[in-house]
>>> print(open('input.txt').read())   # compact mmCIF, C-alpha atoms and all ligand atoms
# COMPACT_ATOMS: atom_id res chain seq x y z
CA MET A 1 0.00 0.00 0.00
CA LEU A 2 1.24 3.46 -0.95
CA TYR A 3 1.09 4.93 2.57
CA ARG A 4 3.16 2.09 4.05
CA ARG A 5 5.75 2.52 1.30
CA LEU A 6 5.97 6.20 2.17
CA VAL A 7 6.40 5.41 5.88
CA ALA A 8 9.20 2.93 5.09
CA LYS A 9 10.88 5.58 2.94
CA ILE A 10 10.84 8.32 5.59
CA TYR A 11 11.09 6.17 8.75
CA ASP A 12 14.83 6.53 9.39
CA GLN A 13 14.74 10.27 8.77
CA ALA A 14 11.61 10.72 10.93
CA ILE A 15 13.16 8.90 13.88
CA SER A 16 16.72 10.20 13.51
CA LYS A 17 16.49 12.90 16.21
CA VAL A 18 15.08 10.43 18.77
CA GLU A 19 17.74 7.89 17.75
CA SER A 20 20.49 10.33 18.53
CA LEU A 21 18.88 11.56 21.77
CA CYS A 22 18.29 8.13 23.31
CA LEU A 23 17.33 5.13 21.14
CA ARG A 24 20.80 4.42 19.75
CA ARG A 25 22.28 4.37 23.27
CA TRP A 26 19.56 2.01 24.52
CA ARG A 27 19.95 -0.29 21.49
CA SER A 28 23.68 -0.47 22.06
CA GLU A 29 23.20 -1.23 25.78
CA LEU A 30 20.54 -3.90 25.19
CA MET A 31 22.25 -5.74 22.31
CA ALA A 32 25.81 -5.54 23.73
CA ASP A 33 26.24 -9.09 25.04
CA LEU A 34 23.60 -11.12 23.17
CA GLN A 35 24.75 -14.61 22.22
CA GLY A 36 23.46 -17.85 20.72
CA THR A 37 20.35 -18.00 18.55
CA LEU A 38 18.45 -14.72 18.15
CA LEU A 39 15.22 -13.76 16.40
CA GLU A 40 14.04 -10.16 16.02
CA ILE A 41 10.37 -9.40 15.44
CA GLY A 42 9.35 -6.29 13.49
CA ALA A 43 12.96 -5.58 12.55
CA GLY A 44 11.85 -2.55 10.48
CA THR A 45 14.63 -0.80 8.57
CA GLY A 46 17.34 -2.61 10.55
CA ALA A 47 18.15 -0.08 13.28
CA ASN A 48 19.41 -2.85 15.57
CA LEU A 49 21.73 -4.46 13.00
CA PRO A 50 24.85 -2.41 13.85
CA HIS A 51 24.54 -3.57 17.46
CA TYR A 52 24.49 -7.33 16.83
CA SER A 53 27.59 -9.47 17.20
CA SER A 54 28.78 -11.30 14.08
CA ALA A 55 29.47 -14.25 16.42
CA LEU A 56 25.75 -15.03 16.94
CA GLU A 57 25.02 -18.70 16.20
CA ARG A 58 21.90 -17.81 14.24
CA LEU A 59 20.29 -14.45 13.43
CA VAL A 60 16.67 -14.46 12.19
CA LEU A 61 15.17 -11.11 11.20
CA CYS A 62 11.38 -10.95 10.77
CA GLU A 63 9.51 -8.06 9.17
CA PRO A 64 5.99 -8.52 7.74
CA ASP A 65 5.80 -5.21 5.86
CA ASP A 66 7.18 -5.57 2.31
CA ALA A 67 8.54 -2.03 2.02
CA MET A 68 10.20 -2.14 5.44
CA ARG A 69 11.66 -5.57 4.66
CA ARG A 70 13.26 -4.26 1.45
CA LYS A 71 14.98 -1.54 3.51
CA LEU A 72 16.02 -4.17 6.06
CA GLU A 73 17.60 -6.30 3.32
CA SER A 74 19.43 -3.28 2.00
CA ALA A 75 20.66 -2.36 5.53
CA LEU A 76 21.83 -5.95 5.99
CA ARG A 77 24.12 -5.57 2.96
CA GLN A 78 25.88 -2.65 4.73
CA VAL A 79 26.89 -4.66 7.82
CA SER A 80 28.89 -7.80 8.39
CA LEU A 81 26.38 -10.34 9.66
CA PRO A 82 26.98 -13.35 7.42
CA GLY A 83 24.22 -15.94 7.37
CA ALA A 84 21.50 -13.63 8.74
CA GLU A 85 18.07 -14.84 7.58
CA VAL A 86 15.16 -12.53 6.67
CA TYR A 87 11.50 -13.61 6.79
CA ASP A 88 8.09 -11.98 6.50
CA TRP A 89 6.69 -13.63 9.62
CA PRO A 90 4.49 -11.47 11.86
CA GLY A 91 5.09 -11.67 15.60
CA GLU A 92 1.83 -13.57 15.99
CA CYS A 93 3.05 -16.53 13.92
CA LEU A 94 6.76 -17.44 13.97
CA ALA A 95 7.73 -20.49 11.93
CA VAL A 96 10.23 -21.64 14.53
CA GLU A 97 10.25 -24.74 16.71
CA ASP A 98 9.20 -24.64 20.36
CA ALA A 99 11.93 -23.76 22.89
CA SER A 100 14.59 -23.32 20.20
CA LEU A 101 15.92 -19.76 20.69
CA ASP A 102 18.11 -18.02 23.26
CA VAL A 103 16.94 -14.48 22.57
CA VAL A 104 14.02 -12.65 20.95
CA VAL A 105 14.35 -8.88 20.34
CA SER A 106 11.44 -6.46 20.10
CA THR A 107 12.06 -2.72 19.82
CA LEU A 108 9.10 -0.39 19.23
CA VAL A 109 7.02 -3.30 17.91
CA LEU A 110 4.58 -4.47 20.61
CA CYS A 111 2.74 -1.14 20.25
CA SER A 112 2.00 -1.98 16.60
CA VAL A 113 1.33 -5.71 16.36
CA ALA A 114 -2.29 -6.64 15.64
CA ASP A 115 -2.49 -9.03 18.60
CA PRO A 116 0.04 -8.36 21.39
CA GLN A 117 -1.20 -11.25 23.54
CA GLN A 118 -0.75 -13.78 20.73
CA THR A 119 2.65 -12.26 19.87
CA LEU A 120 3.88 -12.67 23.44
CA ARG A 121 2.54 -16.24 23.62
CA GLU A 122 4.45 -16.96 20.42
CA VAL A 123 7.66 -15.37 21.75
CA PHE A 124 7.29 -17.40 24.96
CA ARG A 125 6.79 -20.57 22.91
CA VAL A 126 9.92 -20.18 20.79
CA LEU A 127 12.27 -19.22 23.66
CA LYS A 128 14.22 -21.89 25.49
CA PRO A 129 13.61 -22.06 29.25
CA GLY A 130 15.89 -19.32 30.59
CA GLY A 131 15.74 -17.55 27.23
CA GLN A 132 15.12 -13.80 27.14
CA LEU A 133 12.93 -11.33 25.33
CA VAL A 134 15.03 -8.16 25.06
CA LEU A 135 12.74 -5.21 24.64
CA MET A 136 12.41 -1.48 24.33
CA GLU A 137 8.79 -0.39 23.94
CA HIS A 138 6.65 2.69 24.45
CA VAL A 139 3.68 2.03 26.68
CA ALA A 140 0.68 3.42 28.56
CA ALA A 141 1.61 6.24 30.94
CA GLN A 142 1.44 5.72 34.68
CA ASP A 143 0.61 9.39 35.12
CA ALA A 144 -3.20 9.79 34.93
CA ARG A 145 -3.11 13.10 33.04
CA LEU A 146 -0.73 11.78 30.36
CA PHE A 147 -2.79 8.58 30.09
CA PHE A 148 -5.87 10.75 29.47
CA TRP A 149 -4.08 12.45 26.54
CA GLN A 150 -2.85 9.11 25.21
CA ARG A 151 -6.45 7.88 25.09
CA PHE A 152 -7.56 11.16 23.54
CA TRP A 153 -5.03 11.06 20.68
CA GLN A 154 -5.05 7.31 20.06
CA PRO A 155 -7.95 7.21 17.49
CA LEU A 156 -6.06 9.69 15.28
CA TRP A 157 -2.55 8.44 16.07
CA ARG A 158 -3.16 4.74 15.38
CA PRO A 159 -4.16 4.96 11.70
CA LEU A 160 -1.53 7.63 10.97
CA ALA A 161 1.24 5.65 12.71
CA CYS A 162 0.56 2.24 11.10
CA ASN A 163 -1.44 0.70 13.96
CA CYS A 164 0.81 2.06 16.73
CA HIS A 165 -1.14 2.08 20.02
CA LEU A 166 -0.32 4.60 22.76
CA THR A 167 -2.04 2.86 25.66
CA ARG A 168 -0.75 -0.70 25.67
CA GLN A 169 -0.10 -2.16 29.14
CA THR A 170 2.84 -4.18 27.86
CA ALA A 171 4.44 -5.00 31.23
CA LEU A 172 1.14 -6.44 32.51
CA LEU A 173 0.78 -8.51 29.33
CA LEU A 174 4.33 -9.82 29.71
CA GLU A 175 3.62 -10.85 33.29
CA SER A 176 0.35 -12.55 32.41
CA THR A 177 2.15 -14.51 29.67
CA GLY A 178 4.47 -15.93 32.33
CA PHE A 179 7.65 -13.89 31.86
CA GLN A 180 9.80 -12.78 34.78
CA LEU A 181 10.53 -9.09 34.28
CA ASP A 182 13.66 -7.05 34.69
CA LEU A 183 12.52 -3.73 33.24
CA ARG A 184 13.09 -0.06 33.93
CA GLN A 185 11.07 2.97 32.94
CA GLU A 186 12.52 5.67 30.72
CA VAL A 187 11.32 8.70 28.79
CA MET A 188 11.84 8.72 25.02
CA LEU A 189 13.48 12.14 24.55
CA GLY A 190 12.47 13.99 21.40
CA ALA A 191 9.23 12.00 20.96
CA PRO A 192 5.75 13.49 21.39
CA ALA A 193 4.85 13.30 25.10
CA VAL A 194 2.05 10.78 24.44
CA ALA A 195 4.57 8.31 22.97
CA SER A 196 7.35 9.00 25.46
CA PRO A 197 6.81 6.56 28.40
CA MET A 198 9.09 3.60 27.78
CA ILE A 199 9.91 0.24 29.30
CA ILE A 200 13.36 -1.17 28.62
CA GLY A 201 15.05 -4.38 29.64
CA ARG A 202 14.57 -8.15 29.63
CA ALA A 203 11.75 -10.60 30.19
CA THR A 204 12.86 -14.15 30.97
CA ARG A 205 11.02 -17.36 30.15
CA LEU A 206 11.59 -19.39 33.31
C1 LIG B 301 7.99 1.58 14.82
S1 LIG B 301 8.55 0.29 13.76
C2 LIG B 301 9.96 -0.31 14.67
C3 LIG B 301 10.99 -0.88 13.77
C4 LIG B 301 12.26 -1.38 14.48
N1 LIG B 301 11.97 -2.49 15.35
C5 LIG B 301 12.97 -0.30 15.24
O1 LIG B 301 13.33 -0.51 16.40
O2 LIG B 301 13.22 0.78 14.64
C6 LIG B 301 7.34 -0.98 14.03
C7 LIG B 301 7.60 -2.21 13.18
O3 LIG B 301 6.71 -3.25 13.56
C8 LIG B 301 6.31 -3.92 12.40
N2 LIG B 301 5.06 -4.66 12.64
C9 LIG B 301 3.78 -4.25 12.50
N3 LIG B 301 2.92 -5.24 12.77
C10 LIG B 301 3.68 -6.30 13.09
C11 LIG B 301 3.38 -7.65 13.47
N4 LIG B 301 2.11 -8.08 13.59
N5 LIG B 301 4.41 -8.49 13.72
C12 LIG B 301 5.70 -8.06 13.63
N6 LIG B 301 6.03 -6.80 13.28
C13 LIG B 301 5.04 -5.94 13.01
C14 LIG B 301 6.15 -2.81 11.38
O4 LIG B 301 6.12 -3.30 10.05
C15 LIG B 301 7.38 -1.98 11.70
O5 LIG B 301 8.50 -2.41 10.98
>>> encode(input="input.txt", output="structure tokens")
Amino acid sequence: MLYRRLVAKIYDQAISKVESLCLRRWRSELMADLQGTLLEIGAGTGANLPHYSSALERLVLCEPDDAMRRKLESALRQVSLPGAEVYDWPGECLAVEDASLDVVVSTLVLCSVADPQQTLREVFRVLKPGGQLVLMEHVAAQDARLFFWQRFWQPLWRPLACNCHLTRQTALLLESTGFQLDLRQEVMLGAPAVASPMIIGRATRL
């Protein structure tokens, strides 16, 4: 669809200020010591690629949007990650065996997936016991006034921002899926206030 192609085209430029203010630092921190078999959902234009080790046993990059995936494939050619695999799988349906992965990565994706509950069940399924979901997501505000404005803007925001929801209670969903959480709260500098409350860290499948 034309709009999605436009979004893929301008995505890196649109997010560049926020990347330099905070996202790049968080990506680098989160991806620093990841090892073994790793799958990323909603890999987008490949913003996490420069932070992955070339020593990963297996790197699986999933991106369901055709235009985004083309940019991802092009970004992959600029880095040295031999053997990385690219698929169009949505987070809700990963063609990977049960308990087969060490790490799943999700950055700014759980706000946009059609079914966050199913996505988290699927992530839980594919992780080995002890495996970790490494995540960086914007979420519902704890502050009541900001939450009011998130709910106010959401009907306009969601269609304009490709199904991005402002009010997802992602930490609660993670807990109810059975993950053990090690998350901290942050503020996404440079983003509109309604999209600024963040959770960052790891969720472990026990
Ligand atoms: C805001 S972008 C984030 C891209 C990238 N992860 C990053 O950190 O820059 C959201 C991404 O989620 C993808 N997405 C949307 N629905 C999805 C789904 N059901 N499963 C997996 N990814 C999805 C979009 O195509 C888009 O690439």
>>> residues_around(input="input.txt", residues="Val86 (chain A)", least_positions_apart="3", cutoff="9 Å", atoms="only C-alpha atoms", output="PDB file with C-alpha atoms, in the frame of the given file")
ATOM      1  CA  LEU A  59      20.290 -14.450  13.430  1.00  0.00           C
ATOM      2  CA  VAL A  60      16.670 -14.460  12.190  1.00  0.00           C
ATOM      3  CA  LEU A  61      15.170 -11.110  11.200  1.00  0.00           C
ATOM      4  CA  CYS A  62      11.380 -10.950  10.770  1.00  0.00           C
ATOM      5  CA  GLU A  63       9.510  -8.060   9.170  1.00  0.00           C
ATOM      6  CA  ARG A  69      11.660  -5.570   4.660  1.00  0.00           C
ATOM      7  CA  LEU A  72      16.020  -4.170   6.060  1.00  0.00           C
ATOM      8  CA  GLU A  73      17.600  -6.300   3.320  1.00  0.00           C
TER       9      GLU A  73
END
>>> closest_atom_pairs(input="input.txt", of="region 172-197 of chain A", to="region 133-150 of chain A", cutoff="7 Å", atoms="all atoms listed in the file", output="CSV")
residue,atom,partner,partner_atom,distance
A:Val194,CA,A:Gln150,CA,5.2
A:Ala195,CA,A:His138,CA,6.2
A:Ser196,CA,A:His138,CA,6.4
A:Pro197,CA,A:His138,CA,5.5
>>> residues_near_ligand(input="input.txt", ligand="ligand LIG 301 (chain B)", cutoff="10 Å", atoms="only C-alpha atoms and all ligand atoms", output="ChimeraX atom specification")
/A:4,7-8,11-12,15,19,23-24,27,40-49,62-69,71-72,88-94,105-116,118-119,135-138,161-164
>>> residues_near_point(input="input.txt", point="(23.9, -11.8, 19.4)", cutoff="7 Å", atoms="only C-alpha atoms", output="mmCIF file with C-alpha atoms, keeping the file's coordinate frame")
data_model
loop_
_atom_site.group_PDB
_atom_site.id
_atom_site.type_symbol
_atom_site.label_atom_id
_atom_site.label_comp_id
_atom_site.auth_asym_id
_atom_site.auth_seq_id
_atom_site.Cartn_x
_atom_site.Cartn_y
_atom_site.Cartn_z
ATOM 1 C CA MET A 31 22.250 -5.740 22.310
ATOM 2 C CA ASP A 33 26.240 -9.090 25.040
ATOM 3 C CA LEU A 34 23.600 -11.120 23.170
ATOM 4 C CA GLN A 35 24.750 -14.610 22.220
ATOM 5 C CA GLY A 36 23.460 -17.850 20.720
ATOM 6 C CA LEU A 38 18.450 -14.720 18.150
ATOM 7 C CA TYR A 52 24.490 -7.330 16.830
ATOM 8 C CA SER A 53 27.590 -9.470 17.200
ATOM 9 C CA ALA A 55 29.470 -14.250 16.420
ATOM 10 C CA LEU A 56 25.750 -15.030 16.940
#
>>> residues_near_point(input="input.txt", point="(12.7, 15.5, 23.9)", cutoff="10 Å", atoms="only C-alpha atoms", output="VMD selection string")
chain A and resid 17 to 18 21 to 22 187 to 193 196
>>> closest_residue(input="input.txt", among="A:Ser16, A:Thr204, A:Ser28, A:Thr37", to="Glu175 (chain A)", atoms="only C-alpha atoms")
A:Thr204
>>> atom_distance(input="input.txt", atom1="CA of Arg202 (chain A)", atom2="CA of Trp157 (chain A)")
27.4 Å
>>> closest_residue(input="input.txt", among="A:Ser20, A:Leu160, A:Ser54, A:Pro155", to="Ala32 (chain A)", atoms="only C-alpha atoms")
A:Ser54
